[in-house]
Amino acid sequence: MNQNEERPHYLDALLRQHLHAALPDLEPAAIALLRSHLSWVEVAGGQPLMTQGEPGDAMYLLVSGRLRTYIRQDDGSQRVVREISRGQVVGEMSLYTDEPRSATLVAIRDSVLVRLGKAEFLALLSLSAQASIALTRQIIQRLQTEGARSVLDRPVTMGVIPISDGVDQADFVRRLAPHLAQHGRTAVIDAATLDAELGEPGITGRPFTDIDANRRIAVRLDEIEAAHDFVLLLSDATATPWTTRCTRHCDELLLLADPEAPPVLHAIESECLVARPPRTDATEVLVLLHPADRPSPKGTAAWLARRPLADHAHIRPTLDRDMARLARLQSRTAVGLVLAGGGARGLAHLGVHRALKERGIEIDVVGGTSIGSIMATFVASDRDEESVLRIARWSMMSRPTGDYNWLPLMSLIKGRRLAGIVKEAIQRTLGHAADIEDFWKGFYCIATNYSRACEVVLRAGPLKRAIMASVAIPGALPPVLVDGELLCDGGTFNNFPVDVMRQWRGVGRVIGVDLSGREPGRLDADKVPGTWDLLRDSLRPRARRRYRFPSLVNYLVNVTLLYSTSRQRQSRALTQLYFNPPLPRVGMLDWHRFDEIVRQGYEHAVGVLDGKDSP
């Protein structure tokens with residue numbers, strides 16, 4: 001770590017901007033103190049800024065670059081908590097508490113910060129109530145999210161790296177940049193552009209031993225980053241010094257690949273990525289480029305198995321909607337759709353999705369539980385609405401739960417018919433026995449691990465197996481055996497998995513379709529009728545029945561959902577747009593009412609979107 005008192009004038013302007021954002025409305029005396037005592041600090045990628053357990057001696061403001069926060073667990077392992085982007089303050093908590101550092105912060109790329117020593121920090125607090133309030137608020141917000149999964153901020157500088165020979169990198173960036181520009185100021189930089197800006201052809205190709213060239217390149221890249229919200233750095237097609245610089249100066253790397261090529265490591269990966277210093281790894285996102293007429297991706301798992309990826313995306317570059325989806329993911333403004341479980345009531349999901357599409361609301365990631373997971377496959381497949389309705393109608397009208405067990409030792413329903421229908425529906429929708437990773441859009445579904453008594457988020461592996469696990473209602477359908485453990489319906493733990501969507505990389509807005517009842521149901525009876533009374537009553541026309549007790553299947557299903565139902569209010573609070581279609585008297589197994597239920601979902605969604613219905 002190098003402390004450098006002299007930095008370019010543009011950094012002073014950038015510092016003023018970040019100070020105003022991090023510590024607004026500072027008093028003149030506080031501003032004067034900061035100007036007198038702040039010092040510049042440079043941290044190379046891979047180096048720690050501070051280490052968990054050491055005494056706190058300063059507060060820092062990140063001006064350029066990126067840091068990653070790690071917390072050491074009781075078993076000695078390191079957990080990634082969050083990433084720190086420019087303009088954020090770090091290190092102040094231990095100055096307040098006089099306790100050792102609570103986390104380790106490492107530069108994941110070359111970074112520039114300003115430092116305020118402990119004595120000056122305490123003087124700042126005594127001078128400025130505004131500074132004290134702003135810093136306290138930040139500490140509280142950080143503590144509230146400390147137990148959550150890793151929080152990744154929006155990337156600023158993104159490297160565009162080809163890992164298949166022949167990939168048209170320039171065309172990809174030419175198509176992506178306009179969509180990214182809709183979310184912020186965007187710059188596209190390659191080696192030739194930077195050479196021209198520095199007035200010295202070939203400077204970006206100089207070896208790293210050229211210290212002067214390294215400094216000039218880094219300063220200019222800092223200037224470009226400071227003036228833009230997004231910077232796309234185009235590497236060379238081979239492992240050159242410029243390509244290495246791109247991998248070291250970026251927050252995220254978009255690895256462009258041809259899915260028809262062998263999924264082996266490219267020379268750029270071997271020479272520029274694998275050999276990077278520990279903990280300097282910018283987030284890697286695999287972008288598989290497909291022709292526009294490809295029905296569905298295939299064989300994605302082989303690409304993912306060879307790389308330490310944070311995510312992947314299937315993109316047809318000539319389709320604007322695909323490039324717009326990638327831009328939303330990279331700008332952290334993607335839209336996630338969450339579909340709840342609820343038996344045949346889940347057919348309403350199709351109607352809600354139709355209404356969203358009519359309003360031009362594009363879905364980028366979709367997830368669900370039980371019937372919600374089945375409906376999510378249709379959304380993630382990116383098929384046209386007519387095809388989806390045709391395949392869904394065939395699937396549900398085939399009575400998927402009609403093969404009852406006459407000797408129900410494990411489940412009331414055998415599940416063989418459902419398994420066959422799911423297999424055929426996947427074939428009709430995607431054209432092959434797909435994995436979860438083979439969807440055009442991001443997809444997940446929820447199951448319950450009976451063996452370990454916990455929730456499971458399924459994001460990879462055979463799609464059919466995942467669907468069968470997510471819909472395996474305990475007592476109604478047989479569980480699924482995976483690696484010696486039993487998986488069953490995810491509704492037991494999380495029937496409306498909005499919290500999972502909230503943690504998905506790139507998702508900034510969540511739409512939820514809940515299927516839980518709006519009010520608790522009360523029964524007008526003094527006691528539960530006997531078996532023969534219920535049987536006789538079930539033979540009467542629906543309008544003349546005396547009893548409104550749930551059937552055995554409905555009772556079993558609803559009991560498994562009680563814990564998830566108790567989380568409904570919390571889940572709803574995590575959505576920006578919430579739907580809860582009223583589906584009176586729609587039973588869990590009313591598959592024959594397909595068109596009616598889809599229509600009810602559509603009409604409810606139209607009412608909510610038009611402001612005529614209160615969800």
# chains A, B, ... in the order shown; residues from 1 in each chain; ligands from 1
$ residues_around --residues "Arg332 in chain A" --least-positions-apart "3" --cutoff "9 Å" --atoms "only C-alpha atoms" --output "MDAnalysis selection string"
chainID A and resid 153:155 327:329 505:509
$ select_by_dssp --residues "range 424-462 of chain A" --states "strand (DSSP E)" --output "list of chain:residue names"
A:Gly442, A:Phe443, A:Tyr444, A:Cys445, A:Ile446, A:Ala447, A:Thr448, A:Asn449, A:Cys454, A:Glu455, A:Val456, A:Val457, A:Leu458
$ residues_around --residues "Glu455 in chain A" --least-positions-apart "6" --cutoff "8 Å" --atoms "only C-alpha atoms" --output "list of chain:residue names"
A:Ile446, A:Ala447, A:Thr448, A:Asn449, A:Gly490, A:Phe493, A:Asn494
$ atom_distance --atom1 "CA of Thr238 in chain A" --atom2 "CA of Ile268 in chain A"
6.1 Å
$ residues_around --residues "Ile84 in chain A" --least-positions-apart "6" --cutoff "10 Å" --atoms "only C-alpha atoms" --output "PyMOL selection string"
chain A and resi 62+65-69+90+105-108+151-154
$ write_last_selection --atoms "all heavy atoms" --output "mmCIF file, in the first residue's frame"
data_model
loop_
_atom_site.group_PDB
_atom_site.id
_atom_site.type_symbol
_atom_site.label_atom_id
_atom_site.label_comp_id
_atom_site.auth_asym_id
_atom_site.auth_seq_id
_atom_site.Cartn_x
_atom_site.Cartn_y
_atom_site.Cartn_z
ATOM 1 N N LEU A 62 -13.140 5.579 -0.813
ATOM 2 C CA LEU A 62 -12.682 4.999 -2.077
ATOM 3 C C LEU A 62 -12.982 5.964 -3.226
ATOM 4 O O LEU A 62 -14.136 6.300 -3.485
ATOM 5 C CB LEU A 62 -13.370 3.653 -2.318
ATOM 6 C CG LEU A 62 -12.954 2.892 -3.576
ATOM 7 C CD1 LEU A 62 -11.456 2.577 -3.553
ATOM 8 C CD2 LEU A 62 -13.754 1.592 -3.704
ATOM 9 N N GLY A 65 -11.536 2.497 -8.175
ATOM 10 C CA GLY A 65 -11.230 1.085 -7.986
ATOM 11 C C GLY A 65 -12.368 0.334 -7.321
ATOM 12 O O GLY A 65 -13.528 0.751 -7.369
ATOM 13 N N ARG A 66 -12.014 -0.758 -6.648
ATOM 14 C CA ARG A 66 -13.043 -1.614 -6.041
ATOM 15 C C ARG A 66 -12.419 -2.451 -4.937
ATOM 16 O O ARG A 66 -11.302 -2.958 -5.084
ATOM 17 C CB ARG A 66 -13.678 -2.519 -7.105
ATOM 18 C CG ARG A 66 -15.072 -3.021 -6.745
ATOM 19 C CD ARG A 66 -15.680 -3.699 -7.973
ATOM 20 N NE ARG A 66 -17.092 -3.943 -7.848
ATOM 21 C CZ ARG A 66 -18.042 -3.058 -8.138
ATOM 22 N NH1 ARG A 66 -17.710 -1.853 -8.556
ATOM 23 N NH2 ARG A 66 -19.310 -3.362 -8.005
ATOM 24 N N LEU A 67 -13.139 -2.601 -3.837
ATOM 25 C CA LEU A 67 -12.692 -3.412 -2.714
ATOM 26 C C LEU A 67 -13.698 -4.520 -2.451
ATOM 27 O O LEU A 67 -14.882 -4.376 -2.756
ATOM 28 C CB LEU A 67 -12.554 -2.563 -1.445
ATOM 29 C CG LEU A 67 -11.711 -1.288 -1.521
ATOM 30 C CD1 LEU A 67 -11.826 -0.517 -0.210
ATOM 31 C CD2 LEU A 67 -10.265 -1.611 -1.822
ATOM 32 N N ARG A 68 -13.229 -5.600 -1.873
ATOM 33 C CA ARG A 68 -14.118 -6.691 -1.473
ATOM 34 C C ARG A 68 -13.920 -6.950 0.013
ATOM 35 O O ARG A 68 -12.789 -7.003 0.507
ATOM 36 C CB ARG A 68 -13.838 -7.958 -2.287
ATOM 37 C CG ARG A 68 -14.817 -9.089 -2.020
ATOM 38 C CD ARG A 68 -14.625 -10.229 -3.018
ATOM 39 N NE ARG A 68 -15.030 -9.820 -4.362
ATOM 40 C CZ ARG A 68 -14.671 -10.458 -5.478
ATOM 41 N NH1 ARG A 68 -13.879 -11.515 -5.407
ATOM 42 N NH2 ARG A 68 -15.088 -10.031 -6.648
ATOM 43 N N THR A 69 -15.044 -7.126 0.715
ATOM 44 C CA THR A 69 -15.030 -7.323 2.163
ATOM 45 C C THR A 69 -15.170 -8.802 2.500
ATOM 46 O O THR A 69 -16.082 -9.471 2.005
ATOM 47 C CB THR A 69 -16.183 -6.538 2.820
ATOM 48 O OG1 THR A 69 -16.084 -5.169 2.449
ATOM 49 C CG2 THR A 69 -16.129 -6.661 4.327
ATOM 50 N N VAL A 90 -15.101 3.503 4.284
ATOM 51 C CA VAL A 90 -14.828 2.244 4.989
ATOM 52 C C VAL A 90 -13.883 2.514 6.152
ATOM 53 O O VAL A 90 -13.155 3.510 6.167
ATOM 54 C CB VAL A 90 -14.192 1.191 4.040
ATOM 55 C CG1 VAL A 90 -15.164 0.793 2.951
ATOM 56 C CG2 VAL A 90 -12.895 1.710 3.423
ATOM 57 N N LEU A 105 -10.515 -6.059 4.157
ATOM 58 C CA LEU A 105 -10.845 -5.421 2.884
ATOM 59 C C LEU A 105 -9.662 -5.573 1.944
ATOM 60 O O LEU A 105 -8.519 -5.220 2.299
ATOM 61 C CB LEU A 105 -11.153 -3.931 3.071
ATOM 62 C CG LEU A 105 -12.633 -3.586 3.315
ATOM 63 C CD1 LEU A 105 -13.047 -4.022 4.705
ATOM 64 C CD2 LEU A 105 -12.867 -2.099 3.129
ATOM 65 N N VAL A 106 -9.949 -6.110 0.760
ATOM 66 C CA VAL A 106 -8.909 -6.379 -0.229
ATOM 67 C C VAL A 106 -9.264 -5.672 -1.531
ATOM 68 O O VAL A 106 -10.428 -5.669 -1.954
ATOM 69 C CB VAL A 106 -8.760 -7.899 -0.483
ATOM 70 C CG1 VAL A 106 -7.711 -8.171 -1.560
ATOM 71 C CG2 VAL A 106 -8.383 -8.609 0.810
ATOM 72 N N ALA A 107 -8.269 -5.059 -2.174
ATOM 73 C CA ALA A 107 -8.488 -4.447 -3.485
ATOM 74 C C ALA A 107 -8.579 -5.553 -4.531
ATOM 75 O O ALA A 107 -7.658 -6.357 -4.674
ATOM 76 C CB ALA A 107 -7.340 -3.499 -3.819
ATOM 77 N N ILE A 108 -9.698 -5.614 -5.244
ATOM 78 C CA ILE A 108 -9.829 -6.616 -6.295
ATOM 79 C C ILE A 108 -9.377 -6.055 -7.641
ATOM 80 O O ILE A 108 -9.400 -6.756 -8.647
ATOM 81 C CB ILE A 108 -11.255 -7.182 -6.383
ATOM 82 C CG1 ILE A 108 -12.282 -6.087 -6.668
ATOM 83 C CG2 ILE A 108 -11.605 -7.927 -5.117
ATOM 84 C CD1 ILE A 108 -13.687 -6.630 -6.866
ATOM 85 N N VAL A 151 -23.388 -8.937 -1.207
ATOM 86 C CA VAL A 151 -24.030 -7.835 -1.917
ATOM 87 C C VAL A 151 -23.023 -7.240 -2.892
ATOM 88 O O VAL A 151 -21.974 -6.747 -2.491
ATOM 89 C CB VAL A 151 -24.509 -6.752 -0.932
ATOM 90 C CG1 VAL A 151 -25.137 -5.595 -1.684
ATOM 91 C CG2 VAL A 151 -25.498 -7.351 0.061
ATOM 92 N N LEU A 152 -23.310 -7.302 -4.192
ATOM 93 C CA LEU A 152 -22.394 -6.808 -5.206
ATOM 94 C C LEU A 152 -22.934 -5.524 -5.803
ATOM 95 O O LEU A 152 -24.053 -5.483 -6.306
ATOM 96 C CB LEU A 152 -22.192 -7.871 -6.301
ATOM 97 C CG LEU A 152 -21.741 -9.259 -5.807
ATOM 98 C CD1 LEU A 152 -21.545 -10.187 -6.994
ATOM 99 C CD2 LEU A 152 -20.466 -9.169 -4.996
ATOM 100 N N ASP A 153 -22.138 -4.474 -5.754
ATOM 101 C CA ASP A 153 -22.554 -3.200 -6.294
ATOM 102 C C ASP A 153 -22.489 -3.211 -7.816
ATOM 103 O O ASP A 153 -21.861 -4.078 -8.434
ATOM 104 C CB ASP A 153 -21.667 -2.081 -5.749
ATOM 105 C CG ASP A 153 -21.972 -1.772 -4.293
ATOM 106 O OD1 ASP A 153 -23.147 -1.865 -3.927
ATOM 107 O OD2 ASP A 153 -21.037 -1.455 -3.547
ATOM 108 N N ARG A 154 -23.087 -2.186 -8.398
ATOM 109 C CA ARG A 154 -23.099 -2.070 -9.849
ATOM 110 C C ARG A 154 -21.681 -1.857 -10.371
ATOM 111 O O ARG A 154 -20.956 -0.994 -9.881
ATOM 112 C CB ARG A 154 -23.987 -0.897 -10.256
ATOM 113 C CG ARG A 154 -24.188 -0.766 -11.739
ATOM 114 C CD ARG A 154 -25.171 0.325 -12.060
ATOM 115 N NE ARG A 154 -24.568 1.649 -11.974
ATOM 116 C CZ ARG A 154 -25.166 2.765 -12.383
ATOM 117 N NH1 ARG A 154 -26.400 2.711 -12.864
ATOM 118 N NH2 ARG A 154 -24.562 3.919 -12.276
#
$ closest_residue --among "A:Pro48, A:Gly159, A:Pro474, A:Gly166" --to "Ala257 in chain A" --atoms "only C-alpha atoms"
A:Gly166
$ select_by_dssp --residues "range 293-422 of chain A" --states "helix (DSSP H, G or I)" --output "short mmCIF file (atom, residue, chain, number, x, y, z; two decimals) with N, CA, C and O atoms, in the first residue's frame"
data_model
loop_
_atom_site.label_atom_id
_atom_site.label_comp_id
_atom_site.auth_asym_id
_atom_site.auth_seq_id
_atom_site.Cartn_x
_atom_site.Cartn_y
_atom_site.Cartn_z
N THR A 300 -24.79 -26.09 -21.82
CA THR A 300 -24.18 -24.99 -21.08
C THR A 300 -23.32 -25.49 -19.92
O THR A 300 -22.30 -24.89 -19.59
N ALA A 301 -23.72 -26.57 -19.29
CA ALA A 301 -23.03 -27.05 -18.09
C ALA A 301 -21.55 -27.30 -18.34
O ALA A 301 -20.71 -27.08 -17.46
N ALA A 302 -21.19 -27.76 -19.55
CA ALA A 302 -19.78 -28.03 -19.85
C ALA A 302 -18.95 -26.76 -19.81
O ALA A 302 -17.77 -26.78 -19.41
N TRP A 303 -19.51 -25.62 -20.19
CA TRP A 303 -18.81 -24.35 -20.13
C TRP A 303 -18.67 -23.88 -18.69
O TRP A 303 -17.62 -23.37 -18.29
N LEU A 304 -19.70 -24.05 -17.91
CA LEU A 304 -19.69 -23.55 -16.54
C LEU A 304 -18.76 -24.36 -15.64
O LEU A 304 -18.19 -23.82 -14.68
N ASP A 320 -32.43 -7.19 -30.28
CA ASP A 320 -32.34 -6.06 -29.35
C ASP A 320 -32.80 -6.44 -27.95
O ASP A 320 -32.25 -5.96 -26.96
N ARG A 321 -33.81 -7.30 -27.85
CA ARG A 321 -34.33 -7.61 -26.51
C ARG A 321 -33.31 -8.37 -25.68
O ARG A 321 -33.27 -8.25 -24.46
N ASP A 322 -32.45 -9.17 -26.34
CA ASP A 322 -31.41 -9.88 -25.61
C ASP A 322 -30.32 -8.92 -25.14
O ASP A 322 -29.85 -8.99 -23.99
N MET A 323 -29.91 -8.00 -26.00
CA MET A 323 -28.88 -7.04 -25.61
C MET A 323 -29.41 -6.10 -24.54
O MET A 323 -28.67 -5.71 -23.62
N ALA A 324 -30.69 -5.74 -24.63
CA ALA A 324 -31.29 -4.89 -23.59
C ALA A 324 -31.33 -5.63 -22.26
O ALA A 324 -31.12 -5.03 -21.19
N ARG A 325 -31.59 -6.94 -22.29
CA ARG A 325 -31.60 -7.74 -21.06
C ARG A 325 -30.21 -7.75 -20.42
O ARG A 325 -30.07 -7.57 -19.20
N LEU A 326 -29.17 -7.95 -21.23
CA LEU A 326 -27.81 -7.95 -20.69
C LEU A 326 -27.46 -6.59 -20.10
O LEU A 326 -26.83 -6.50 -19.03
N ALA A 327 -27.87 -5.52 -20.78
CA ALA A 327 -27.60 -4.17 -20.26
C ALA A 327 -28.29 -3.96 -18.92
O ALA A 327 -27.73 -3.34 -18.01
N ARG A 328 -29.51 -4.47 -18.77
CA ARG A 328 -30.20 -4.32 -17.48
C ARG A 328 -29.50 -5.12 -16.38
O ARG A 328 -29.36 -4.66 -15.25
N LEU A 329 -29.04 -6.31 -16.71
CA LEU A 329 -28.32 -7.11 -15.73
C LEU A 329 -27.04 -6.41 -15.29
O LEU A 329 -26.72 -6.36 -14.10
N GLN A 330 -26.31 -5.85 -16.25
CA GLN A 330 -25.05 -5.20 -15.92
C GLN A 330 -25.24 -3.87 -15.20
O GLN A 330 -24.39 -3.46 -14.41
N GLY A 343 -50.92 -25.27 -6.72
CA GLY A 343 -51.69 -26.21 -7.52
C GLY A 343 -52.23 -25.56 -8.78
O GLY A 343 -51.60 -24.70 -9.39
N ALA A 344 -53.44 -25.95 -9.17
CA ALA A 344 -54.04 -25.45 -10.41
C ALA A 344 -54.25 -23.94 -10.38
O ALA A 344 -54.37 -23.31 -11.44
N ARG A 345 -54.26 -23.35 -9.20
CA ARG A 345 -54.38 -21.90 -9.11
C ARG A 345 -53.21 -21.21 -9.82
O ARG A 345 -53.33 -20.07 -10.27
N GLY A 346 -52.09 -21.92 -9.92
CA GLY A 346 -50.91 -21.36 -10.56
C GLY A 346 -51.07 -21.12 -12.05
O GLY A 346 -50.21 -20.45 -12.65
N LEU A 347 -52.13 -21.62 -12.65
CA LEU A 347 -52.37 -21.31 -14.07
C LEU A 347 -52.60 -19.81 -14.26
O LEU A 347 -52.40 -19.28 -15.35
N ALA A 348 -52.98 -19.14 -13.18
CA ALA A 348 -53.17 -17.69 -13.26
C ALA A 348 -51.86 -16.97 -13.60
O ALA A 348 -51.88 -15.84 -14.11
N HIS A 349 -50.72 -17.61 -13.31
CA HIS A 349 -49.43 -17.00 -13.64
C HIS A 349 -49.34 -16.69 -15.13
O HIS A 349 -48.74 -15.67 -15.52
N LEU A 350 -49.89 -17.56 -15.96
CA LEU A 350 -49.82 -17.35 -17.40
C LEU A 350 -50.58 -16.09 -17.80
O LEU A 350 -50.13 -15.33 -18.68
N GLY A 351 -51.71 -15.86 -17.17
CA GLY A 351 -52.48 -14.66 -17.47
C GLY A 351 -51.78 -13.39 -17.02
O GLY A 351 -51.79 -12.37 -17.72
N VAL A 352 -51.14 -13.44 -15.84
CA VAL A 352 -50.41 -12.27 -15.36
C VAL A 352 -49.25 -11.96 -16.29
O VAL A 352 -49.01 -10.80 -16.64
N HIS A 353 -48.52 -12.99 -16.71
CA HIS A 353 -47.37 -12.76 -17.60
C HIS A 353 -47.82 -12.17 -18.94
O HIS A 353 -47.15 -11.29 -19.50
N ARG A 354 -48.95 -12.63 -19.43
CA ARG A 354 -49.48 -12.07 -20.68
C ARG A 354 -49.75 -10.57 -20.53
O ARG A 354 -49.40 -9.77 -21.40
N ALA A 355 -50.35 -10.18 -19.40
CA ALA A 355 -50.64 -8.77 -19.17
C ALA A 355 -49.35 -7.95 -19.08
O ALA A 355 -49.28 -6.82 -19.58
N LEU A 356 -48.32 -8.49 -18.44
CA LEU A 356 -47.05 -7.80 -18.34
C LEU A 356 -46.44 -7.59 -19.72
O LEU A 356 -45.92 -6.51 -20.03
N LYS A 357 -46.47 -8.63 -20.56
CA LYS A 357 -45.90 -8.51 -21.90
C LYS A 357 -46.65 -7.47 -22.72
O LYS A 357 -46.04 -6.69 -23.47
N GLU A 358 -47.97 -7.42 -22.57
CA GLU A 358 -48.75 -6.43 -23.31
C GLU A 358 -48.38 -5.01 -22.90
O GLU A 358 -48.49 -4.08 -23.71
N ILE A 371 -46.00 -25.33 -8.62
CA ILE A 371 -46.58 -24.99 -9.92
C ILE A 371 -45.94 -23.71 -10.46
O ILE A 371 -45.81 -23.51 -11.67
N GLY A 372 -45.48 -22.84 -9.55
CA GLY A 372 -44.78 -21.63 -9.98
C GLY A 372 -43.50 -21.95 -10.71
O GLY A 372 -43.10 -21.22 -11.64
N SER A 373 -42.83 -23.04 -10.34
CA SER A 373 -41.61 -23.43 -11.04
C SER A 373 -41.93 -23.91 -12.45
O SER A 373 -41.16 -23.67 -13.39
N ILE A 374 -43.06 -24.59 -12.61
CA ILE A 374 -43.46 -25.05 -13.96
C ILE A 374 -43.79 -23.85 -14.84
O ILE A 374 -43.34 -23.75 -15.99
N MET A 375 -44.57 -22.92 -14.31
CA MET A 375 -44.92 -21.74 -15.09
C MET A 375 -43.68 -20.89 -15.39
O MET A 375 -43.58 -20.26 -16.45
N ALA A 376 -42.70 -20.90 -14.48
CA ALA A 376 -41.46 -20.14 -14.69
C ALA A 376 -40.67 -20.68 -15.87
O ALA A 376 -39.97 -19.93 -16.56
N THR A 377 -40.77 -21.99 -16.12
CA THR A 377 -40.04 -22.55 -17.27
C THR A 377 -40.53 -21.95 -18.57
O THR A 377 -39.74 -21.72 -19.50
N PHE A 378 -41.83 -21.69 -18.66
CA PHE A 378 -42.37 -21.11 -19.90
C PHE A 378 -41.86 -19.68 -20.08
O PHE A 378 -41.53 -19.27 -21.20
N VAL A 379 -41.76 -18.93 -19.00
CA VAL A 379 -41.26 -17.56 -19.09
C VAL A 379 -39.77 -17.57 -19.47
O VAL A 379 -39.33 -16.82 -20.35
N ALA A 380 -39.00 -18.43 -18.82
CA ALA A 380 -37.56 -18.46 -19.06
C ALA A 380 -37.20 -18.97 -20.45
O ALA A 380 -36.12 -18.68 -20.96
N GLU A 385 -46.16 -16.41 -26.93
CA GLU A 385 -47.29 -16.70 -26.04
C GLU A 385 -48.18 -17.82 -26.58
O GLU A 385 -48.65 -18.67 -25.82
N GLU A 386 -48.41 -17.84 -27.87
CA GLU A 386 -49.27 -18.87 -28.44
C GLU A 386 -48.71 -20.26 -28.21
O GLU A 386 -49.43 -21.18 -27.83
N SER A 387 -47.39 -20.42 -28.40
CA SER A 387 -46.76 -21.72 -28.16
C SER A 387 -46.83 -22.11 -26.70
O SER A 387 -47.10 -23.27 -26.36
N VAL A 388 -46.59 -21.14 -25.82
CA VAL A 388 -46.62 -21.42 -24.39
C VAL A 388 -48.00 -21.89 -23.96
O VAL A 388 -48.14 -22.89 -23.24
N LEU A 389 -49.04 -21.18 -24.38
CA LEU A 389 -50.39 -21.57 -23.99
C LEU A 389 -50.76 -22.93 -24.54
O LEU A 389 -51.43 -23.74 -23.87
N ARG A 390 -50.33 -23.22 -25.76
CA ARG A 390 -50.63 -24.53 -26.35
C ARG A 390 -49.97 -25.66 -25.56
O ARG A 390 -50.61 -26.67 -25.23
N ILE A 391 -48.69 -25.49 -25.22
CA ILE A 391 -47.98 -26.54 -24.48
C ILE A 391 -48.52 -26.64 -23.05
O ILE A 391 -48.73 -27.75 -22.53
N ALA A 392 -48.78 -25.51 -22.41
CA ALA A 392 -49.30 -25.52 -21.04
C ALA A 392 -50.68 -26.15 -20.99
O ALA A 392 -50.98 -26.95 -20.08
N ARG A 393 -51.53 -25.81 -21.94
CA ARG A 393 -52.88 -26.38 -21.96
C ARG A 393 -52.82 -27.89 -22.14
O ARG A 393 -53.52 -28.63 -21.44
N TRP A 394 -51.99 -28.35 -23.07
CA TRP A 394 -51.85 -29.80 -23.26
C TRP A 394 -51.38 -30.46 -21.96
O TRP A 394 -51.90 -31.52 -21.55
N SER A 395 -50.39 -29.85 -21.30
CA SER A 395 -49.83 -30.44 -20.09
C SER A 395 -50.87 -30.58 -18.99
O SER A 395 -51.00 -31.64 -18.35
N MET A 396 -51.63 -29.51 -18.75
CA MET A 396 -52.56 -29.50 -17.63
C MET A 396 -53.84 -30.26 -17.92
O MET A 396 -54.43 -30.86 -17.02
N MET A 397 -54.27 -30.26 -19.17
CA MET A 397 -55.48 -30.99 -19.51
C MET A 397 -55.25 -32.49 -19.61
O MET A 397 -56.18 -33.27 -19.77
N ARG A 416 -46.10 -40.84 -11.80
CA ARG A 416 -45.52 -41.28 -13.08
C ARG A 416 -46.10 -40.48 -14.24
O ARG A 416 -45.39 -40.12 -15.19
N ARG A 417 -47.41 -40.23 -14.18
CA ARG A 417 -48.04 -39.46 -15.25
C ARG A 417 -47.45 -38.06 -15.27
O ARG A 417 -47.15 -37.52 -16.34
N LEU A 418 -47.31 -37.43 -14.11
CA LEU A 418 -46.73 -36.10 -14.05
C LEU A 418 -45.31 -36.08 -14.60
O LEU A 418 -44.93 -35.17 -15.36
N ALA A 419 -44.52 -37.08 -14.26
CA ALA A 419 -43.14 -37.14 -14.74
C ALA A 419 -43.10 -37.23 -16.26
O ALA A 419 -42.28 -36.57 -16.92
N GLY A 420 -43.99 -38.03 -16.83
CA GLY A 420 -44.04 -38.15 -18.29
C GLY A 420 -44.47 -36.85 -18.95
O GLY A 420 -43.91 -36.46 -20.00
N ILE A 421 -45.43 -36.17 -18.34
CA ILE A 421 -45.91 -34.91 -18.91
C ILE A 421 -44.83 -33.83 -18.82
O ILE A 421 -44.61 -33.06 -19.77
N VAL A 422 -44.12 -33.77 -17.68
CA VAL A 422 -43.05 -32.79 -17.52
C VAL A 422 -41.95 -33.04 -18.55
O VAL A 422 -41.44 -32.10 -19.19
#
$ atom_distance --atom1 "CA of Gln78 in chain A" --atom2 "CA of Leu309 in chain A"
18.0 Å
$ closest_atom_pairs --of "range 22-45 of chain A" --to "range 117-120 of chain A" --cutoff "10 Å" --atoms "only C-alpha atoms" --output "tab-separated table"
residue	atom	partner	partner_atom	distance
A:Leu33	CA	A:Glu120	CA	7.7
A:Leu34	CA	A:Glu120	CA	8.2
A:Ser36	CA	A:Glu120	CA	9.7
A:His37	CA	A:Glu120	CA	7.1
A:Leu38	CA	A:Gly117	CA	8.0
A:Ser39	CA	A:Gly117	CA	9.1
$ write_last_selection --atoms "N, CA and C atoms" --output "mmCIF file, in the first residue's frame"
data_model
loop_
_atom_site.group_PDB
_atom_site.id
_atom_site.type_symbol
_atom_site.label_atom_id
_atom_site.label_comp_id
_atom_site.auth_asym_id
_atom_site.auth_seq_id
_atom_site.Cartn_x
_atom_site.Cartn_y
_atom_site.Cartn_z
ATOM 1 N N LEU A 33 -10.850 20.969 7.794
ATOM 2 C CA LEU A 33 -10.087 19.897 8.452
ATOM 3 C C LEU A 33 -9.776 18.775 7.472
ATOM 4 N N LEU A 34 -10.775 18.380 6.683
ATOM 5 C CA LEU A 34 -10.564 17.295 5.734
ATOM 6 C C LEU A 34 -9.530 17.677 4.684
ATOM 7 N N SER A 36 -7.084 19.586 4.971
ATOM 8 C CA SER A 36 -5.745 19.662 5.568
ATOM 9 C C SER A 36 -5.158 18.297 5.888
ATOM 10 N N HIS A 37 -6.004 17.328 6.173
ATOM 11 C CA HIS A 37 -5.496 16.073 6.735
ATOM 12 C C HIS A 37 -5.745 14.826 5.878
ATOM 13 N N LEU A 38 -6.525 14.932 4.806
ATOM 14 C CA LEU A 38 -6.703 13.761 3.941
ATOM 15 C C LEU A 38 -5.433 13.505 3.146
ATOM 16 N N SER A 39 -5.043 12.237 3.031
ATOM 17 C CA SER A 39 -3.882 11.869 2.228
ATOM 18 C C SER A 39 -4.271 10.791 1.231
#
$ residues_around --residues "Ser451 in chain A" --least-positions-apart "5" --cutoff "9 Å" --atoms "only C-alpha atoms" --output "PyMOL selection string"
chain A and resi 484-487
